[in-house]
file target-v4.txt (compact mmCIF, N, CA and C atoms)
# COMPACT_ATOMS: atom_id res chain seq x y z
N SER A 1 -82.06 -25.54 -31.20
CA SER A 1 -81.08 -26.60 -31.05
C SER A 1 -79.77 -26.19 -31.72
N GLU A 2 -78.70 -26.68 -31.18
CA GLU A 2 -77.39 -26.46 -31.79
C GLU A 2 -76.97 -27.63 -32.66
N LEU A 3 -77.80 -28.66 -32.73
CA LEU A 3 -77.46 -29.84 -33.51
C LEU A 3 -77.64 -29.59 -35.00
N VAL A 4 -76.75 -30.23 -35.79
CA VAL A 4 -76.86 -30.18 -37.24
C VAL A 4 -76.92 -31.62 -37.75
N LEU A 5 -77.43 -31.78 -38.97
CA LEU A 5 -77.60 -33.12 -39.54
C LEU A 5 -77.04 -33.15 -40.95
N LEU A 6 -76.20 -34.15 -41.22
CA LEU A 6 -75.71 -34.40 -42.57
C LEU A 6 -76.21 -35.77 -42.99
N ILE A 7 -76.97 -35.81 -44.08
CA ILE A 7 -77.40 -37.08 -44.66
C ILE A 7 -76.56 -37.30 -45.90
N ASP A 8 -75.75 -38.34 -45.88
CA ASP A 8 -74.89 -38.67 -47.02
C ASP A 8 -75.60 -39.75 -47.83
N ALA A 9 -76.24 -39.34 -48.91
CA ALA A 9 -77.01 -40.26 -49.75
C ALA A 9 -76.25 -40.66 -51.00
N ARG A 10 -74.95 -40.41 -51.04
CA ARG A 10 -74.18 -40.66 -52.26
C ARG A 10 -74.15 -42.13 -52.67
N ARG A 11 -74.14 -43.02 -51.72
CA ARG A 11 -74.07 -44.45 -52.05
C ARG A 11 -75.41 -45.15 -51.94
N GLY A 12 -76.43 -44.41 -51.57
CA GLY A 12 -77.76 -45.01 -51.42
C GLY A 12 -78.39 -45.27 -52.78
N PRO A 13 -79.27 -46.26 -52.84
CA PRO A 13 -79.96 -46.53 -54.11
C PRO A 13 -80.95 -45.42 -54.41
N GLY A 14 -81.06 -45.08 -55.68
CA GLY A 14 -82.05 -44.09 -56.09
C GLY A 14 -83.43 -44.73 -56.11
N ARG A 15 -84.35 -44.17 -55.36
CA ARG A 15 -85.72 -44.72 -55.33
C ARG A 15 -86.71 -43.58 -55.36
N ASN A 16 -87.71 -43.74 -56.18
CA ASN A 16 -88.79 -42.76 -56.20
C ASN A 16 -90.14 -43.43 -56.46
N ASP A 17 -90.21 -44.73 -56.13
CA ASP A 17 -91.48 -45.44 -56.30
C ASP A 17 -92.47 -44.99 -55.23
N ASP A 18 -93.75 -45.06 -55.55
CA ASP A 18 -94.80 -44.55 -54.65
C ASP A 18 -94.77 -45.15 -53.24
N PRO A 19 -94.66 -46.48 -53.08
CA PRO A 19 -94.65 -47.02 -51.70
C PRO A 19 -93.50 -46.45 -50.86
N PHE A 20 -92.32 -46.32 -51.46
CA PHE A 20 -91.17 -45.79 -50.73
C PHE A 20 -91.39 -44.32 -50.38
N GLU A 21 -91.85 -43.54 -51.33
CA GLU A 21 -92.06 -42.11 -51.08
C GLU A 21 -93.13 -41.89 -50.01
N LYS A 22 -94.19 -42.68 -50.03
CA LYS A 22 -95.23 -42.54 -49.01
C LYS A 22 -94.69 -42.89 -47.63
N LEU A 23 -93.87 -43.92 -47.54
CA LEU A 23 -93.26 -44.30 -46.27
C LEU A 23 -92.34 -43.18 -45.76
N MET A 24 -91.53 -42.63 -46.65
CA MET A 24 -90.63 -41.55 -46.25
C MET A 24 -91.40 -40.30 -45.86
N ASP A 25 -92.51 -40.02 -46.52
CA ASP A 25 -93.35 -38.87 -46.14
C ASP A 25 -93.80 -38.98 -44.69
N GLN A 26 -94.06 -40.21 -44.23
CA GLN A 26 -94.49 -40.42 -42.85
C GLN A 26 -93.35 -40.20 -41.86
N HIS A 27 -92.13 -40.58 -42.23
CA HIS A 27 -91.01 -40.55 -41.30
C HIS A 27 -90.15 -39.29 -41.39
N ARG A 28 -90.25 -38.58 -42.48
CA ARG A 28 -89.41 -37.41 -42.69
C ARG A 28 -89.55 -36.36 -41.58
N PRO A 29 -90.76 -36.04 -41.09
CA PRO A 29 -90.84 -35.03 -40.02
C PRO A 29 -90.04 -35.41 -38.77
N ARG A 30 -90.10 -36.66 -38.37
CA ARG A 30 -89.33 -37.10 -37.19
C ARG A 30 -87.84 -37.06 -37.47
N LEU A 31 -87.45 -37.38 -38.68
CA LEU A 31 -86.04 -37.43 -39.04
C LEU A 31 -85.41 -36.04 -39.00
N PHE A 32 -86.11 -35.03 -39.49
CA PHE A 32 -85.52 -33.70 -39.64
C PHE A 32 -85.79 -32.75 -38.47
N ARG A 33 -86.72 -33.08 -37.62
CA ARG A 33 -87.09 -32.17 -36.52
C ARG A 33 -85.95 -32.04 -35.51
N GLY A 34 -85.78 -30.83 -35.00
CA GLY A 34 -84.85 -30.61 -33.90
C GLY A 34 -83.44 -30.22 -34.31
N PHE A 35 -83.19 -30.05 -35.58
CA PHE A 35 -81.84 -29.68 -36.03
C PHE A 35 -81.83 -28.23 -36.47
N ARG A 36 -80.76 -27.54 -36.11
CA ARG A 36 -80.59 -26.13 -36.48
C ARG A 36 -80.37 -26.01 -37.98
N LYS A 37 -79.60 -26.92 -38.53
CA LYS A 37 -79.32 -26.96 -39.97
C LYS A 37 -79.31 -28.41 -40.43
N ARG A 38 -79.70 -28.59 -41.68
CA ARG A 38 -79.71 -29.92 -42.27
C ARG A 38 -79.13 -29.83 -43.67
N ALA A 39 -78.26 -30.78 -44.01
CA ALA A 39 -77.67 -30.84 -45.35
C ALA A 39 -77.81 -32.25 -45.88
N ILE A 40 -78.14 -32.34 -47.14
CA ILE A 40 -78.22 -33.63 -47.82
C ILE A 40 -77.16 -33.65 -48.89
N LEU A 41 -76.32 -34.67 -48.85
CA LEU A 41 -75.21 -34.81 -49.78
C LEU A 41 -75.56 -35.87 -50.82
N VAL A 42 -75.54 -35.49 -52.09
CA VAL A 42 -75.88 -36.40 -53.18
C VAL A 42 -74.70 -36.49 -54.14
N GLN A 43 -74.75 -37.48 -55.02
CA GLN A 43 -73.63 -37.71 -55.93
C GLN A 43 -73.93 -37.30 -57.37
N THR A 44 -75.17 -37.40 -57.78
CA THR A 44 -75.49 -37.20 -59.19
C THR A 44 -76.45 -36.02 -59.37
N VAL A 45 -76.55 -35.57 -60.61
CA VAL A 45 -77.49 -34.51 -60.95
C VAL A 45 -78.92 -34.99 -60.70
N VAL A 46 -79.19 -36.25 -61.05
CA VAL A 46 -80.53 -36.81 -60.82
C VAL A 46 -80.83 -36.84 -59.32
N GLY A 47 -79.85 -37.21 -58.52
CA GLY A 47 -80.04 -37.22 -57.06
C GLY A 47 -80.31 -35.82 -56.53
N LYS A 48 -79.62 -34.84 -57.08
CA LYS A 48 -79.83 -33.46 -56.65
C LYS A 48 -81.23 -32.98 -57.02
N LEU A 49 -81.68 -33.34 -58.22
CA LEU A 49 -83.03 -32.96 -58.65
C LEU A 49 -84.09 -33.61 -57.76
N GLN A 50 -83.91 -34.89 -57.45
CA GLN A 50 -84.89 -35.59 -56.62
C GLN A 50 -84.90 -35.01 -55.20
N ALA A 51 -83.73 -34.79 -54.63
CA ALA A 51 -83.66 -34.24 -53.27
C ALA A 51 -84.25 -32.83 -53.23
N THR A 52 -84.02 -32.05 -54.27
CA THR A 52 -84.58 -30.71 -54.34
C THR A 52 -86.11 -30.76 -54.42
N ARG A 53 -86.64 -31.68 -55.21
CA ARG A 53 -88.09 -31.83 -55.33
C ARG A 53 -88.71 -32.22 -53.99
N ILE A 54 -88.13 -33.22 -53.35
CA ILE A 54 -88.65 -33.68 -52.06
C ILE A 54 -88.56 -32.56 -51.03
N ASN A 55 -87.45 -31.84 -51.05
CA ASN A 55 -87.25 -30.73 -50.12
C ASN A 55 -88.32 -29.65 -50.33
N ARG A 56 -88.60 -29.33 -51.57
CA ARG A 56 -89.61 -28.31 -51.89
C ARG A 56 -91.00 -28.78 -51.44
N GLU A 57 -91.33 -30.04 -51.71
CA GLU A 57 -92.65 -30.57 -51.36
C GLU A 57 -92.83 -30.70 -49.85
N SER A 58 -91.77 -31.03 -49.14
CA SER A 58 -91.90 -31.24 -47.69
C SER A 58 -91.79 -29.94 -46.90
N GLY A 59 -91.13 -28.93 -47.48
CA GLY A 59 -91.02 -27.64 -46.81
C GLY A 59 -90.03 -27.59 -45.66
N PHE A 60 -89.08 -28.51 -45.59
CA PHE A 60 -88.15 -28.53 -44.46
C PHE A 60 -86.98 -27.58 -44.60
N GLY A 61 -86.69 -27.10 -45.79
CA GLY A 61 -85.59 -26.16 -45.95
C GLY A 61 -84.22 -26.77 -45.82
N ASN A 62 -84.08 -28.03 -46.17
CA ASN A 62 -82.76 -28.67 -46.17
C ASN A 62 -81.93 -28.09 -47.31
N GLU A 63 -80.63 -28.02 -47.11
CA GLU A 63 -79.73 -27.60 -48.18
C GLU A 63 -79.22 -28.85 -48.88
N ILE A 64 -79.12 -28.80 -50.19
CA ILE A 64 -78.70 -29.94 -51.00
C ILE A 64 -77.32 -29.64 -51.57
N PHE A 65 -76.40 -30.59 -51.43
CA PHE A 65 -75.02 -30.41 -51.89
C PHE A 65 -74.56 -31.62 -52.68
N ASP A 66 -73.63 -31.37 -53.61
CA ASP A 66 -72.94 -32.47 -54.27
C ASP A 66 -71.43 -32.39 -53.97
N ASP A 67 -71.08 -31.52 -53.03
CA ASP A 67 -69.70 -31.34 -52.61
C ASP A 67 -69.63 -31.47 -51.09
N GLU A 68 -68.89 -32.47 -50.61
CA GLU A 68 -68.84 -32.76 -49.17
C GLU A 68 -68.26 -31.60 -48.38
N ALA A 69 -67.17 -30.98 -48.89
CA ALA A 69 -66.55 -29.88 -48.16
C ALA A 69 -67.52 -28.70 -48.03
N ALA A 70 -68.27 -28.42 -49.06
CA ALA A 70 -69.25 -27.33 -49.02
C ALA A 70 -70.36 -27.64 -48.01
N ALA A 71 -70.82 -28.89 -47.98
CA ALA A 71 -71.86 -29.28 -47.02
C ALA A 71 -71.36 -29.13 -45.58
N LEU A 72 -70.14 -29.58 -45.33
CA LEU A 72 -69.59 -29.47 -43.98
C LEU A 72 -69.37 -28.02 -43.58
N ALA A 73 -68.91 -27.20 -44.52
CA ALA A 73 -68.71 -25.77 -44.25
C ALA A 73 -70.04 -25.10 -43.91
N TYR A 74 -71.08 -25.45 -44.64
CA TYR A 74 -72.41 -24.90 -44.38
C TYR A 74 -72.87 -25.28 -42.97
N LEU A 75 -72.72 -26.55 -42.61
CA LEU A 75 -73.17 -27.00 -41.30
C LEU A 75 -72.36 -26.37 -40.16
N ALA A 76 -71.09 -26.07 -40.41
CA ALA A 76 -70.23 -25.50 -39.37
C ALA A 76 -70.41 -23.99 -39.22
N SER A 77 -71.03 -23.35 -40.20
CA SER A 77 -71.20 -21.90 -40.14
C SER A 77 -72.27 -21.52 -39.12
N PRO A 78 -72.15 -20.30 -38.56
CA PRO A 78 -73.13 -19.86 -37.56
C PRO A 78 -74.53 -19.65 -38.16
call {"tool": "encode", "arguments": {"input": "target-v4.txt", "output": "C-alpha cells"}}
result
Amino acid sequence: SELVLLIDARRGPGRNDDPFEKLMDQHRPRLFRGFRKRAILVQTVVGKLQATRINRESGFGNEIFDDEAAALAYLASP
C-alpha cells in the first residue's frame, strides 16, 4: 500500500487501565493494517514511553515522534 497513517495523540487523555488496553489490543490490528508507514505523535515523555511499550508489545513497527515536522517528514519519505 502507498497509504501512510499519522495518529496525533497529543491531546488525547493518557490511559493505561486494563479494560482500555484490552479493548485496544482487539482493535489495534485493524487500525494499523494496510499502511506502508505509521507514525504516532505524542506530547510528553510519559506518552512516548507508553507508545513505545505498546508498539514493542504489539509488534507493528510504528514510529513514535514528539515532533510533528519529523513525523510528517518520515511519512513523506520513500
call {"tool": "closest_residue", "arguments": {"input": "target-v4.txt", "among": "A:Leu5, A:Lys22, A:Arg15, A:Asp67", "to": "Ala51 in chain A", "atoms": "only C-alpha atoms"}}
result
A:Arg15
call {"tool": "closest_residue", "arguments": {"input": "target-v4.txt", "among": "A:Glu2, A:Glu57, A:Glu68, A:Glu21", "to": "Gln43 in chain A", "atoms": "only C-alpha atoms"}}
result
A:Glu68
call {"tool": "select_by_dssp", "arguments": {"input": "target-v4.txt", "residues": "chain A", "states": "strand (DSSP E)", "output": "list of chain:residue names"}}
result
A:Val4, A:Leu5, A:Leu6, A:Ile7, A:Asp8, A:Lys37, A:Arg38, A:Ala39, A:Ile40, A:Leu41, A:Glu63, A:Ile64, A:Phe65
call {"tool": "atom_distance", "arguments": {"input": "target-v4.txt", "atom1": "atom C of Arg38 in chain A", "atom2": "atom N of Asp25 in chain A"}}
result
17.1 Å
call {"tool": "select_by_dssp", "arguments": {"input": "target-v4.txt", "residues": "range 21-53 of chain A", "states": "alpha helix (DSSP H)", "output": "list of chain:residue names"}}
result
A:Glu21, A:Lys22, A:Leu23, A:Met24, A:Asp25, A:Gln26, A:His27, A:Arg28, A:Pro29, A:Arg30, A:Leu31, A:Phe32, A:Val45, A:Val46, A:Gly47, A:Lys48, A:Leu49, A:Gln50, A:Ala51, A:Thr52, A:Arg53
call {"tool": "write_last_selection", "arguments": {"input": "target-v4.txt", "atoms": "N, CA and C atoms", "output": "CSV table (one decimal), in the coordinates of the input"}}
result
chain,number,residue,atom,x,y,z
A,21,GLU,N,-91.8,-43.5,-51.3
A,21,GLU,CA,-92.1,-42.1,-51.1
A,21,GLU,C,-93.1,-41.9,-50.0
A,22,LYS,N,-94.2,-42.7,-50.0
A,22,LYS,CA,-95.2,-42.5,-49.0
A,22,LYS,C,-94.7,-42.9,-47.6
A,23,LEU,N,-93.9,-43.9,-47.5
A,23,LEU,CA,-93.3,-44.3,-46.3
A,23,LEU,C,-92.3,-43.2,-45.8
A,24,MET,N,-91.5,-42.6,-46.6
A,24,MET,CA,-90.6,-41.6,-46.2
A,24,MET,C,-91.4,-40.3,-45.9
A,25,ASP,N,-92.5,-40.0,-46.5
A,25,ASP,CA,-93.4,-38.9,-46.1
A,25,ASP,C,-93.8,-39.0,-44.7
A,26,GLN,N,-94.1,-40.2,-44.2
A,26,GLN,CA,-94.5,-40.4,-42.8
A,26,GLN,C,-93.4,-40.2,-41.9
A,27,HIS,N,-92.1,-40.6,-42.2
A,27,HIS,CA,-91.0,-40.6,-41.3
A,27,HIS,C,-90.2,-39.3,-41.4
A,28,ARG,N,-90.2,-38.6,-42.5
A,28,ARG,CA,-89.4,-37.4,-42.7
A,28,ARG,C,-89.6,-36.4,-41.6
A,29,PRO,N,-90.8,-36.0,-41.1
A,29,PRO,CA,-90.8,-35.0,-40.0
A,29,PRO,C,-90.0,-35.4,-38.8
A,30,ARG,N,-90.1,-36.7,-38.4
A,30,ARG,CA,-89.3,-37.1,-37.2
A,30,ARG,C,-87.8,-37.1,-37.5
A,31,LEU,N,-87.4,-37.4,-38.7
A,31,LEU,CA,-86.0,-37.4,-39.0
A,31,LEU,C,-85.4,-36.0,-39.0
A,32,PHE,N,-86.1,-35.0,-39.5
A,32,PHE,CA,-85.5,-33.7,-39.6
A,32,PHE,C,-85.8,-32.8,-38.5
A,45,VAL,N,-76.6,-35.6,-60.6
A,45,VAL,CA,-77.5,-34.5,-61.0
A,45,VAL,C,-78.9,-35.0,-60.7
A,46,VAL,N,-79.2,-36.2,-61.0
A,46,VAL,CA,-80.5,-36.8,-60.8
A,46,VAL,C,-80.8,-36.8,-59.3
A,47,GLY,N,-79.8,-37.2,-58.5
A,47,GLY,CA,-80.0,-37.2,-57.1
A,47,GLY,C,-80.3,-35.8,-56.5
A,48,LYS,N,-79.6,-34.8,-57.1
A,48,LYS,CA,-79.8,-33.5,-56.6
A,48,LYS,C,-81.2,-33.0,-57.0
A,49,LEU,N,-81.7,-33.3,-58.2
A,49,LEU,CA,-83.0,-33.0,-58.6
A,49,LEU,C,-84.1,-33.6,-57.8
A,50,GLN,N,-83.9,-34.9,-57.4
A,50,GLN,CA,-84.9,-35.6,-56.6
A,50,GLN,C,-84.9,-35.0,-55.2
A,51,ALA,N,-83.7,-34.8,-54.6
A,51,ALA,CA,-83.7,-34.2,-53.3
A,51,ALA,C,-84.2,-32.8,-53.2
A,52,THR,N,-84.0,-32.0,-54.3
A,52,THR,CA,-84.6,-30.7,-54.3
A,52,THR,C,-86.1,-30.8,-54.4
A,53,ARG,N,-86.6,-31.7,-55.2
A,53,ARG,CA,-88.1,-31.8,-55.3
A,53,ARG,C,-88.7,-32.2,-54.0
call {"tool": "residues_around", "arguments": {"input": "target-v4.txt", "residues": "Arg10 in chain A", "least_positions_apart": "3", "cutoff": "10 Å", "atoms": "only C-alpha atoms", "output": "list in words"}}
result
Ile7, Pro13, Gly14, Ile40, Leu41, Val42, Gln43, Thr44, Gly47 and Asp66 of chain A
call {"tool": "axis_aligned_box", "arguments": {"input": "target-v4.txt", "around": "range 55-65 of chain A", "padding_each_side": "5 Å", "output": "JSON"}}
result
{"center_x": -83.7, "center_y": -29.0, "center_z": -48.6, "size_x": 28.3, "size_y": 15.7, "size_z": 18.2}
call {"tool": "atom_distance", "arguments": {"input": "target-v4.txt", "atom1": "CA of Phe60 in chain A", "atom2": "CA of Arg33 in chain A"}}
result
8.8 Å
call {"tool": "residues_around", "arguments": {"input": "target-v4.txt", "residues": "Tyr74 in chain A", "least_positions_apart": "4", "cutoff": "8 Å", "atoms": "all atoms listed in the file", "output": "count of residues only"}}
result
7
call {"tool": "atom_distance", "arguments": {"input": "target-v4.txt", "atom1": "CA of Leu6 in chain A", "atom2": "CA of Gly61 in chain A"}}
result
13.3 Å
call {"tool": "residues_around", "arguments": {"input": "target-v4.txt", "residues": "Gly34 in chain A", "least_positions_apart": "6", "cutoff": "7 Å", "atoms": "only N, CA and C atoms", "output": "list in words"}}
result
Ser1, Glu2, Leu3 and Val4 of chain A
call {"tool": "decode", "arguments": {"input": "target-v4.txt", "residues": "range 16-48 of chain A", "atoms": "N, CA, C and O atoms", "output": "PDB file, in the first residue's frame"}}
result
ATOM      1  N   ASN A  16      -3.984   3.875  30.635  1.00  0.00           N
ATOM      2  CA  ASN A  16      -3.300   2.588  30.586  1.00  0.00           C
ATOM      3  C   ASN A  16      -3.976   1.581  31.509  1.00  0.00           C
ATOM      4  O   ASN A  16      -3.362   0.622  31.936  1.00  0.00           O
ATOM      5  N   ASP A  17      -5.270   1.808  31.785  1.00  0.00           N
ATOM      6  CA  ASP A  17      -6.001   0.861  32.624  1.00  0.00           C
ATOM      7  C   ASP A  17      -6.278  -0.415  31.830  1.00  0.00           C
ATOM      8  O   ASP A  17      -6.356  -0.402  30.605  1.00  0.00           O
ATOM      9  N   ASP A  18      -6.391  -1.530  32.536  1.00  0.00           N
ATOM     10  CA  ASP A  18      -6.544  -2.840  31.889  1.00  0.00           C
ATOM     11  C   ASP A  18      -7.723  -2.936  30.919  1.00  0.00           C
ATOM     12  O   ASP A  18      -7.548  -3.438  29.806  1.00  0.00           O
ATOM     13  N   PRO A  19      -8.935  -2.485  31.290  1.00  0.00           N
ATOM     14  CA  PRO A  19     -10.054  -2.599  30.332  1.00  0.00           C
ATOM     15  C   PRO A  19      -9.780  -1.860  29.017  1.00  0.00           C
ATOM     16  O   PRO A  19     -10.060  -2.376  27.935  1.00  0.00           O
ATOM     17  N   PHE A  20      -9.200  -0.675  29.104  1.00  0.00           N
ATOM     18  CA  PHE A  20      -8.899   0.098  27.900  1.00  0.00           C
ATOM     19  C   PHE A  20      -7.826  -0.595  27.065  1.00  0.00           C
ATOM     20  O   PHE A  20      -7.962  -0.721  25.843  1.00  0.00           O
ATOM     21  N   GLU A  21      -6.770  -1.051  27.706  1.00  0.00           N
ATOM     22  CA  GLU A  21      -5.689  -1.706  26.968  1.00  0.00           C
ATOM     23  C   GLU A  21      -6.171  -2.998  26.300  1.00  0.00           C
ATOM     24  O   GLU A  21      -5.781  -3.286  25.168  1.00  0.00           O
ATOM     25  N   LYS A  22      -7.019  -3.753  26.974  1.00  0.00           N
ATOM     26  CA  LYS A  22      -7.551  -4.981  26.367  1.00  0.00           C
ATOM     27  C   LYS A  22      -8.416  -4.658  25.156  1.00  0.00           C
ATOM     28  O   LYS A  22      -8.353  -5.350  24.135  1.00  0.00           O
ATOM     29  N   LEU A  23      -9.218  -3.618  25.250  1.00  0.00           N
ATOM     30  CA  LEU A  23     -10.050  -3.198  24.126  1.00  0.00           C
ATOM     31  C   LEU A  23      -9.181  -2.767  22.946  1.00  0.00           C
ATOM     32  O   LEU A  23      -9.428  -3.154  21.804  1.00  0.00           O
ATOM     33  N   MET A  24      -8.152  -1.985  23.225  1.00  0.00           N
ATOM     34  CA  MET A  24      -7.264  -1.529  22.159  1.00  0.00           C
ATOM     35  C   MET A  24      -6.489  -2.688  21.545  1.00  0.00           C
ATOM     36  O   MET A  24      -6.234  -2.695  20.339  1.00  0.00           O
ATOM     37  N   ASP A  25      -6.114  -3.674  22.350  1.00  0.00           N
ATOM     38  CA  ASP A  25      -5.430  -4.856  21.817  1.00  0.00           C
ATOM     39  C   ASP A  25      -6.284  -5.548  20.762  1.00  0.00           C
ATOM     40  O   ASP A  25      -5.762  -6.077  19.779  1.00  0.00           O
ATOM     41  N   GLN A  26      -7.605  -5.540  20.951  1.00  0.00           N
ATOM     42  CA  GLN A  26      -8.515  -6.165  19.996  1.00  0.00           C
ATOM     43  C   GLN A  26      -8.607  -5.373  18.697  1.00  0.00           C
ATOM     44  O   GLN A  26      -8.733  -5.945  17.620  1.00  0.00           O
ATOM     45  N   HIS A  27      -8.570  -4.039  18.793  1.00  0.00           N
ATOM     46  CA  HIS A  27      -8.805  -3.193  17.623  1.00  0.00           C
ATOM     47  C   HIS A  27      -7.539  -2.733  16.917  1.00  0.00           C
ATOM     48  O   HIS A  27      -7.598  -2.325  15.757  1.00  0.00           O
ATOM     49  N   ARG A  28      -6.420  -2.798  17.587  1.00  0.00           N
ATOM     50  CA  ARG A  28      -5.166  -2.304  17.025  1.00  0.00           C
ATOM     51  C   ARG A  28      -4.814  -2.963  15.685  1.00  0.00           C
ATOM     52  O   ARG A  28      -4.420  -2.255  14.750  1.00  0.00           O
ATOM     53  N   PRO A  29      -4.954  -4.286  15.514  1.00  0.00           N
ATOM     54  CA  PRO A  29      -4.604  -4.875  14.215  1.00  0.00           C
ATOM     55  C   PRO A  29      -5.398  -4.279  13.041  1.00  0.00           C
ATOM     56  O   PRO A  29      -4.829  -3.998  11.987  1.00  0.00           O
ATOM     57  N   ARG A  30      -6.677  -4.060  13.238  1.00  0.00           N
ATOM     58  CA  ARG A  30      -7.495  -3.458  12.167  1.00  0.00           C
ATOM     59  C   ARG A  30      -7.097  -2.014  11.918  1.00  0.00           C
ATOM     60  O   ARG A  30      -7.140  -1.534  10.791  1.00  0.00           O
ATOM     61  N   LEU A  31      -6.735  -1.309  12.969  1.00  0.00           N
ATOM     62  CA  LEU A  31      -6.381   0.104  12.851  1.00  0.00           C
ATOM     63  C   LEU A  31      -5.100   0.288  12.045  1.00  0.00           C
ATOM     64  O   LEU A  31      -5.006   1.187  11.209  1.00  0.00           O
ATOM     65  N   PHE A  32      -4.101  -0.558  12.273  1.00  0.00           N
ATOM     66  CA  PHE A  32      -2.783  -0.357  11.666  1.00  0.00           C
ATOM     67  C   PHE A  32      -2.563  -1.117  10.365  1.00  0.00           C
ATOM     68  O   PHE A  32      -1.637  -0.820   9.627  1.00  0.00           O
ATOM     69  N   ARG A  33      -3.397  -2.075  10.059  1.00  0.00           N
ATOM     70  CA  ARG A  33      -3.195  -2.904   8.862  1.00  0.00           C
ATOM     71  C   ARG A  33      -3.374  -2.085   7.582  1.00  0.00           C
ATOM     72  O   ARG A  33      -4.236  -1.224   7.492  1.00  0.00           O
ATOM     73  N   GLY A  34      -2.541  -2.376   6.604  1.00  0.00           N
ATOM     74  CA  GLY A  34      -2.718  -1.797   5.278  1.00  0.00           C
ATOM     75  C   GLY A  34      -1.973  -0.505   5.023  1.00  0.00           C
ATOM     76  O   GLY A  34      -2.113   0.082   3.949  1.00  0.00           O
ATOM     77  N   PHE A  35      -1.178  -0.052   5.963  1.00  0.00           N
ATOM     78  CA  PHE A  35      -0.435   1.193   5.771  1.00  0.00           C
ATOM     79  C   PHE A  35       1.041   0.887   5.545  1.00  0.00           C
ATOM     80  O   PHE A  35       1.623   0.040   6.214  1.00  0.00           O
ATOM     81  N   ARG A  36       1.634   1.613   4.617  1.00  0.00           N
ATOM     82  CA  ARG A  36       3.056   1.447   4.311  1.00  0.00           C
ATOM     83  C   ARG A  36       3.910   1.925   5.473  1.00  0.00           C
ATOM     84  O   ARG A  36       4.916   1.309   5.813  1.00  0.00           O
ATOM     85  N   LYS A  37       3.503   3.027   6.075  1.00  0.00           N
ATOM     86  CA  LYS A  37       4.200   3.592   7.233  1.00  0.00           C
ATOM     87  C   LYS A  37       3.161   4.110   8.217  1.00  0.00           C
ATOM     88  O   LYS A  37       2.084   4.558   7.813  1.00  0.00           O
ATOM     89  N   ARG A  38       3.537   4.054   9.483  1.00  0.00           N
ATOM     90  CA  ARG A  38       2.664   4.553  10.537  1.00  0.00           C
ATOM     91  C   ARG A  38       3.499   5.359  11.522  1.00  0.00           C
ATOM     92  O   ARG A  38       4.597   4.929  11.891  1.00  0.00           O
ATOM     93  N   ALA A  39       2.971   6.512  11.927  1.00  0.00           N
ATOM     94  CA  ALA A  39       3.653   7.354  12.912  1.00  0.00           C
ATOM     95  C   ALA A  39       2.654   7.742  13.990  1.00  0.00           C
ATOM     96  O   ALA A  39       1.495   8.042  13.703  1.00  0.00           O
ATOM     97  N   ILE A  40       3.125   7.718  15.209  1.00  0.00           N
ATOM     98  CA  ILE A  40       2.312   8.146  16.346  1.00  0.00           C
ATOM     99  C   ILE A  40       2.980   9.370  16.936  1.00  0.00           C
ATOM    100  O   ILE A  40       4.169   9.356  17.262  1.00  0.00           O
ATOM    101  N   LEU A  41       2.208  10.439  17.058  1.00  0.00           N
ATOM    102  CA  LEU A  41       2.705  11.713  17.563  1.00  0.00           C
ATOM    103  C   LEU A  41       2.223  11.898  18.993  1.00  0.00           C
ATOM    104  O   LEU A  41       1.014  11.846  19.248  1.00  0.00           O
ATOM    105  N   VAL A  42       3.154  12.073  19.920  1.00  0.00           N
ATOM    106  CA  VAL A  42       2.831  12.239  21.333  1.00  0.00           C
ATOM    107  C   VAL A  42       3.397  13.567  21.829  1.00  0.00           C
ATOM    108  O   VAL A  42       4.242  14.182  21.169  1.00  0.00           O
ATOM    109  N   GLN A  43       2.948  13.984  23.005  1.00  0.00           N
ATOM    110  CA  GLN A  43       3.364  15.286  23.522  1.00  0.00           C
ATOM    111  C   GLN A  43       4.348  15.184  24.675  1.00  0.00           C
ATOM    112  O   GLN A  43       5.186  16.055  24.846  1.00  0.00           O
ATOM    113  N   THR A  44       4.257  14.139  25.463  1.00  0.00           N
ATOM    114  CA  THR A  44       5.048  14.068  26.685  1.00  0.00           C
ATOM    115  C   THR A  44       6.008  12.873  26.658  1.00  0.00           C
ATOM    116  O   THR A  44       5.857  11.937  25.873  1.00  0.00           O
ATOM    117  N   VAL A  45       6.967  12.914  27.567  1.00  0.00           N
ATOM    118  CA  VAL A  45       7.899  11.799  27.719  1.00  0.00           C
ATOM    119  C   VAL A  45       7.133  10.549  28.150  1.00  0.00           C
ATOM    120  O   VAL A  45       7.389   9.448  27.664  1.00  0.00           O
ATOM    121  N   VAL A  46       6.168  10.723  29.050  1.00  0.00           N
ATOM    122  CA  VAL A  46       5.359   9.584  29.506  1.00  0.00           C
ATOM    123  C   VAL A  46       4.578   8.998  28.331  1.00  0.00           C
ATOM    124  O   VAL A  46       4.495   7.776  28.172  1.00  0.00           O
ATOM    125  N   GLY A  47       4.023   9.853  27.486  1.00  0.00           N
ATOM    126  CA  GLY A  47       3.299   9.385  26.304  1.00  0.00           C
ATOM    127  C   GLY A  47       4.213   8.615  25.359  1.00  0.00           C
ATOM    128  O   GLY A  47       3.819   7.594  24.790  1.00  0.00           O
ATOM    129  N   LYS A  48       5.439   9.097  25.209  1.00  0.00           N
ATOM    130  CA  LYS A  48       6.393   8.415  24.336  1.00  0.00           C
ATOM    131  C   LYS A  48       6.760   7.047  24.903  1.00  0.00           C
ATOM    132  O   LYS A  48       6.840   6.060  24.170  1.00  0.00           O
TER     133      LYS A  48
END
